[in-house]
Amino acid sequence: MRSIYLKELSSFFSSLTGYMVLVIFLLITGLFAWVFSNTSIPSYNYASIGQLFVIAPMVFLFLIPALTMQTFAQEKQQRTMEFLNTKPLTDRQIVLGKYFACMTLVALAILPTLIYYYSVYQLGSPRGNIDSGATIGSYIGLFLLASVFVSIGLFMSSLTDNQIVAFILTAFSCFLVYFAFSFIGDLPSLFGKWDDLVKYFGIEYHYDNISKGRIDTRDVIYFVSLASMFIWLTMVSLSRRRW
Amino acid sequence: MSIVVNSLTKTYGQQNAIDAISFSADKGEIVGLLGPNGAGKTTTMKILTCFMPPTSGSAEVCGLTVGKADIEIKKKIGYLPEHNPLYGTMYVKEYLQFVERIHQLGKDTNRIGRLIELVGLEREQNKKISQLSKGYKQRVGLAQAMIHDPEVLILDEPISGLDPNQLVEIRSLISNLKKDKTVIFSSHILQEVESICDKIVILDKGKIVASDSLTTLNSTSDKALTITIELLNGINADILSQIDGVERVESISDKEYLISSNYDNRAEIFDQIVGSGNKLVGMIKEKKSLEAVFKNVTQGRK
């Protein structure tokens, strides 16, 4: 697993992918959080970096598909998948190696935003007047959300040898699990009293919960099981060559 | 026995890619898998390397059964797939380090250096793989397959698309390996197989049509042979065609002829020419090439 992990990570940074993900993520979140007056933290007048956690999932919605689209699609297109599959590596090692490499990059993108927290902490009046609990919760929520997006991306990439197809499938699926359930739940008189249950299947519901700083095991289990399910599906998809 | 393949069958949809093939290879043997395109060479190799399981039948590598101890088998095999897939964006050394880590070979700072020397990549070792020419990419592929000093090397068309010099080098590299390794390699270039293999297996449409050592295969094909002669002075072709056993005479020039005989009648040819007052300055018996064997066994089945 370590060999795949290191190889993926170095391939992110030997191509432009890694830098682009980092730069674009920080650029967009930075602009929305500090510059654009409609959304910026200074014009919000409350010492909170909540804006960051509204924008970040939107950015991930197209950045993570761009990050994961090449994981398997490219290996299949270059036929290097055959190389990996004939080396002493299990499918699980290959999938997890790639998964953790993508998660490392996501973590590297999120990490610098801690400066936002520090800035608001310093700027608050009185100093330190920021809801640290909610911020920690939001960070955990964002990371869990990213882990689900990455697992979806790996699965979609394992289905095709075309990176564009993988990108579109991933972006669309991430959009579905993130928003669609709350949208459907909000439709008037479609499910009636089951509205809440429908929303419960979507990421947004759980993400909002955790963002409040209340780390409920049910929400954590939701994220972890969703990510595990897609990782498992990826392994199933890779084993198709044996069918 | 390093490799034992027993009535191996692989079916894609309705079509049998390989159909109940059996062969074996001993330690130290070089086995050539030969056959026209689509004969099942690559399929056989993909099964031996545990890339995909057979539909039926069994394959054993170093006493381990394919499908039961895949990871163990993969540790003992070095595989160079067809089309030689490589990561173009990696540097040669970076790539070899990656393969080294996959095999968990541990610390040996000089392993990659030795390997690079062995396959003749010294001049290109600091380049990106995508910048290498086809022949050098092939060497990187070979280095990748040999990095863990495997007992069995499986090479799928290792010499297709190389220039004549590279061909000679790669060929000698493969034949130098043979002492302690089993090598299986596929090709449709017959001269290659002929020059380095101990044993050949000829596949056609998924079935084995011939499988034997090279000498037996050569001697079992019919006795007819072609003789090239060169004379000092011109001669009438009719004189040659009257010689006992001669079936056909083709003139290359008025002093050179290609004689097809149904048995080895070189002595008669010599006597006849000298008897007619001419002088014979050259006579070559064309070796019955594998090409002919190949044609015989594959065309007869159409």
# chains A, B, ... in the order shown; residues from 1 in each chain; ligands from 1

$ interface_residues --of "chain A" --to "chain B" --cutoff "10 Å" --atoms "only C-alpha atoms" --output "VMD selection string"
chain A and resid 1 to 4 6 to 7 10 to 11 14 to 15 75 to 90 239 to 243

$ residues_around --residues "range 45-53 of chain A" --least-positions-apart "5" --cutoff "6 Å" --atoms "only C-alpha atoms" --output "ChimeraX atom specification"
/A:120,124,130

$ atom_distance --atom1 "CA of Tyr136 in chain B" --atom2 "CA of Lys199 in chain B"
27.7 Å

$ select_by_dssp --residues "range 2-228 of chain B" --states "helix (DSSP H, G or I)" --output "ChimeraX atom specification"
/B:41-48,70-76,92-102,111-118,122-124,129-131,134-146,164-180,190-196,214-220

$ closest_residue --among "A:Phe100, A:Trp232, A:Phe60, A:Tyr5" --to "Leu26 in chain A" --atoms "only C-alpha atoms"
A:Phe60

$ closest_atom_pairs --of "range 23-78 of chain A" --to "range 168-192 of chain A" --cutoff "12 Å" --atoms "only C-alpha atoms" --output "Markdown table"
| residue | atom | partner | partner_atom | distance |
| --- | --- | --- | --- | --- |
| A:Pro57 | CA | A:Tyr178 | CA | 8.8 |
| A:Met58 | CA | A:Phe175 | CA | 9.0 |
| A:Val59 | CA | A:Ala171 | CA | 10.8 |
| A:Phe60 | CA | A:Ala171 | CA | 9.2 |
| A:Leu61 | CA | A:Ala171 | CA | 6.0 |
| A:Phe62 | CA | A:Ala171 | CA | 5.9 |
| A:Leu63 | CA | A:Ala171 | CA | 8.8 |
| A:Ile64 | CA | A:Ala171 | CA | 8.1 |
| A:Pro65 | CA | A:Thr170 | CA | 5.5 |
| A:Ala66 | CA | A:Ala171 | CA | 8.7 |
| A:Leu67 | CA | A:Thr170 | CA | 10.4 |
| A:Thr68 | CA | A:Thr170 | CA | 8.5 |
| A:Met69 | CA | A:Thr170 | CA | 7.8 |
| A:Gln70 | CA | A:Thr170 | CA | 11.6 |

$ residues_around --residues "range 207-214 of chain B" --least-positions-apart "5" --cutoff "8 Å" --atoms "only C-alpha atoms" --output "PDB file with N, CA and C atoms, in the first residue's frame"
ATOM      1  N   ILE B  18      -8.188 -19.709 -25.492  1.00  0.00           N
ATOM      2  CA  ILE B  18      -7.308 -20.873 -25.524  1.00  0.00           C
ATOM      3  C   ILE B  18      -8.153 -22.083 -25.168  1.00  0.00           C
ATOM      4  N   ASP B  19      -7.809 -23.193 -25.770  1.00  0.00           N
ATOM      5  CA  ASP B  19      -8.668 -24.355 -25.687  1.00  0.00           C
ATOM      6  C   ASP B  19      -7.849 -25.564 -25.225  1.00  0.00           C
ATOM      7  N   ALA B  20      -7.960 -25.877 -23.966  1.00  0.00           N
ATOM      8  CA  ALA B  20      -7.334 -27.080 -23.405  1.00  0.00           C
ATOM      9  C   ALA B  20      -5.864 -27.213 -23.786  1.00  0.00           C
ATOM     10  N   ILE B  21      -5.074 -26.197 -23.482  1.00  0.00           N
ATOM     11  CA  ILE B  21      -3.656 -26.330 -23.808  1.00  0.00           C
ATOM     12  C   ILE B  21      -2.882 -26.865 -22.609  1.00  0.00           C
ATOM     13  N   SER B  22      -1.879 -27.664 -22.889  1.00  0.00           N
ATOM     14  CA  SER B  22      -1.019 -28.217 -21.847  1.00  0.00           C
ATOM     15  C   SER B  22       0.425 -28.125 -22.301  1.00  0.00           C
ATOM     16  N   PHE B  23       1.256 -27.636 -21.439  1.00  0.00           N
ATOM     17  CA  PHE B  23       2.698 -27.710 -21.698  1.00  0.00           C
ATOM     18  C   PHE B  23       3.414 -27.490 -20.373  1.00  0.00           C
ATOM     19  N   ALA B  39      -3.751 -16.016 -31.433  1.00  0.00           N
ATOM     20  CA  ALA B  39      -3.621 -17.454 -31.219  1.00  0.00           C
ATOM     21  C   ALA B  39      -3.819 -17.832 -29.757  1.00  0.00           C
ATOM     22  N   GLU B 194      13.777 -19.087 -32.788  1.00  0.00           N
ATOM     23  CA  GLU B 194      14.740 -20.063 -33.254  1.00  0.00           C
ATOM     24  C   GLU B 194      16.097 -19.857 -32.591  1.00  0.00           C
ATOM     25  N   CYS B 197      15.457 -20.065 -28.110  1.00  0.00           N
ATOM     26  CA  CYS B 197      14.614 -20.953 -27.311  1.00  0.00           C
ATOM     27  C   CYS B 197      15.121 -22.388 -27.285  1.00  0.00           C
ATOM     28  N   ASP B 198      14.869 -23.049 -26.152  1.00  0.00           N
ATOM     29  CA  ASP B 198      15.181 -24.473 -26.057  1.00  0.00           C
ATOM     30  C   ASP B 198      14.006 -25.290 -26.551  1.00  0.00           C
ATOM     31  N   LYS B 199      12.840 -24.674 -26.410  1.00  0.00           N
ATOM     32  CA  LYS B 199      11.631 -25.442 -26.646  1.00  0.00           C
ATOM     33  C   LYS B 199      10.622 -24.472 -27.219  1.00  0.00           C
ATOM     34  N   ILE B 200       9.827 -24.919 -28.149  1.00  0.00           N
ATOM     35  CA  ILE B 200       8.802 -23.994 -28.617  1.00  0.00           C
ATOM     36  C   ILE B 200       7.424 -24.643 -28.574  1.00  0.00           C
ATOM     37  N   VAL B 201       6.463 -23.797 -28.319  1.00  0.00           N
ATOM     38  CA  VAL B 201       5.068 -24.220 -28.301  1.00  0.00           C
ATOM     39  C   VAL B 201       4.379 -23.368 -29.361  1.00  0.00           C
ATOM     40  N   ILE B 202       3.845 -24.012 -30.370  1.00  0.00           N
ATOM     41  CA  ILE B 202       3.171 -23.249 -31.425  1.00  0.00           C
ATOM     42  C   ILE B 202       1.669 -23.313 -31.202  1.00  0.00           C
ATOM     43  N   VAL B 297       2.299 -26.253 -39.916  1.00  0.00           N
ATOM     44  CA  VAL B 297       1.358 -26.625 -38.869  1.00  0.00           C
ATOM     45  C   VAL B 297       0.188 -25.661 -38.756  1.00  0.00           C
ATOM     46  N   THR B 298       0.379 -24.395 -39.091  1.00  0.00           N
ATOM     47  CA  THR B 298      -0.751 -23.487 -38.935  1.00  0.00           C
ATOM     48  C   THR B 298      -1.648 -23.450 -40.163  1.00  0.00           C
TER      49      THR B 298
END

$ residues_around --residues "Glu60 in chain B" --least-positions-apart "4" --cutoff "8 Å" --atoms "only C-alpha atoms" --output "PyMOL selection string"
chain B and resi 2-5+48+64-66

$ write_last_selection --atoms "N, CA and C atoms" --output "PDB file, in the first residue's frame"
ATOM      1  N   SER B   2       9.110 -25.835 -13.338  1.00  0.00           N
ATOM      2  CA  SER B   2       8.773 -24.474 -12.919  1.00  0.00           C
ATOM      3  C   SER B   2       7.351 -24.108 -13.314  1.00  0.00           C
ATOM      4  N   ILE B   3       6.969 -24.574 -14.467  1.00  0.00           N
ATOM      5  CA  ILE B   3       5.635 -24.211 -14.956  1.00  0.00           C
ATOM      6  C   ILE B   3       4.954 -25.449 -15.519  1.00  0.00           C
ATOM      7  N   VAL B   4       3.772 -25.707 -15.024  1.00  0.00           N
ATOM      8  CA  VAL B   4       2.988 -26.812 -15.557  1.00  0.00           C
ATOM      9  C   VAL B   4       1.609 -26.268 -15.915  1.00  0.00           C
ATOM     10  N   VAL B   5       1.269 -26.399 -17.167  1.00  0.00           N
ATOM     11  CA  VAL B   5      -0.045 -25.939 -17.613  1.00  0.00           C
ATOM     12  C   VAL B   5      -0.820 -27.167 -18.049  1.00  0.00           C
ATOM     13  N   LEU B  48      -1.031 -17.145 -16.479  1.00  0.00           N
ATOM     14  CA  LEU B  48       0.154 -17.538 -15.700  1.00  0.00           C
ATOM     15  C   LEU B  48       0.574 -16.445 -14.713  1.00  0.00           C
ATOM     16  N   LEU B  64       3.074 -23.671  -7.176  1.00  0.00           N
ATOM     17  CA  LEU B  64       1.912 -22.982  -6.613  1.00  0.00           C
ATOM     18  C   LEU B  64       0.818 -22.899  -7.682  1.00  0.00           C
ATOM     19  N   THR B  65      -0.415 -23.077  -7.255  1.00  0.00           N
ATOM     20  CA  THR B  65      -1.500 -23.111  -8.221  1.00  0.00           C
ATOM     21  C   THR B  65      -2.063 -21.712  -8.450  1.00  0.00           C
ATOM     22  N   VAL B  66      -2.216 -21.356  -9.714  1.00  0.00           N
ATOM     23  CA  VAL B  66      -2.808 -20.063 -10.067  1.00  0.00           C
ATOM     24  C   VAL B  66      -4.251 -20.025  -9.574  1.00  0.00           C
TER      25      VAL B  66
END

$ residues_around --residues "Gly28 in chain B" --least-positions-apart "6" --cutoff "10 Å" --atoms "only C-alpha atoms" --output "list in words"
Met1, Ser2, Glu151, Val152, Leu177, Lys178, Lys179, Asp180, Lys181, Thr182, Val183 and Asp198 of chain B

$ select_by_dssp --residues "range 63-243 of chain B" --states "strand (DSSP E)" --output "PyMOL selection string"
chain B and resi 64-65+77-80+152-156+182-187+199-204+207-213+225-231

$ residues_around --residues "Phe32 in chain A" --least-positions-apart "3" --cutoff "8 Å" --atoms "only C-alpha atoms" --output "number ranges by chain"
A: 28-29, 35-36, 39-40, 51-52, 55

$ closest_residue --among "B:Asp149, B:Glu256, B:Glu230, B:Asp26" --to "Cys62 in chain B" --atoms "only C-alpha atoms"
B:Asp26
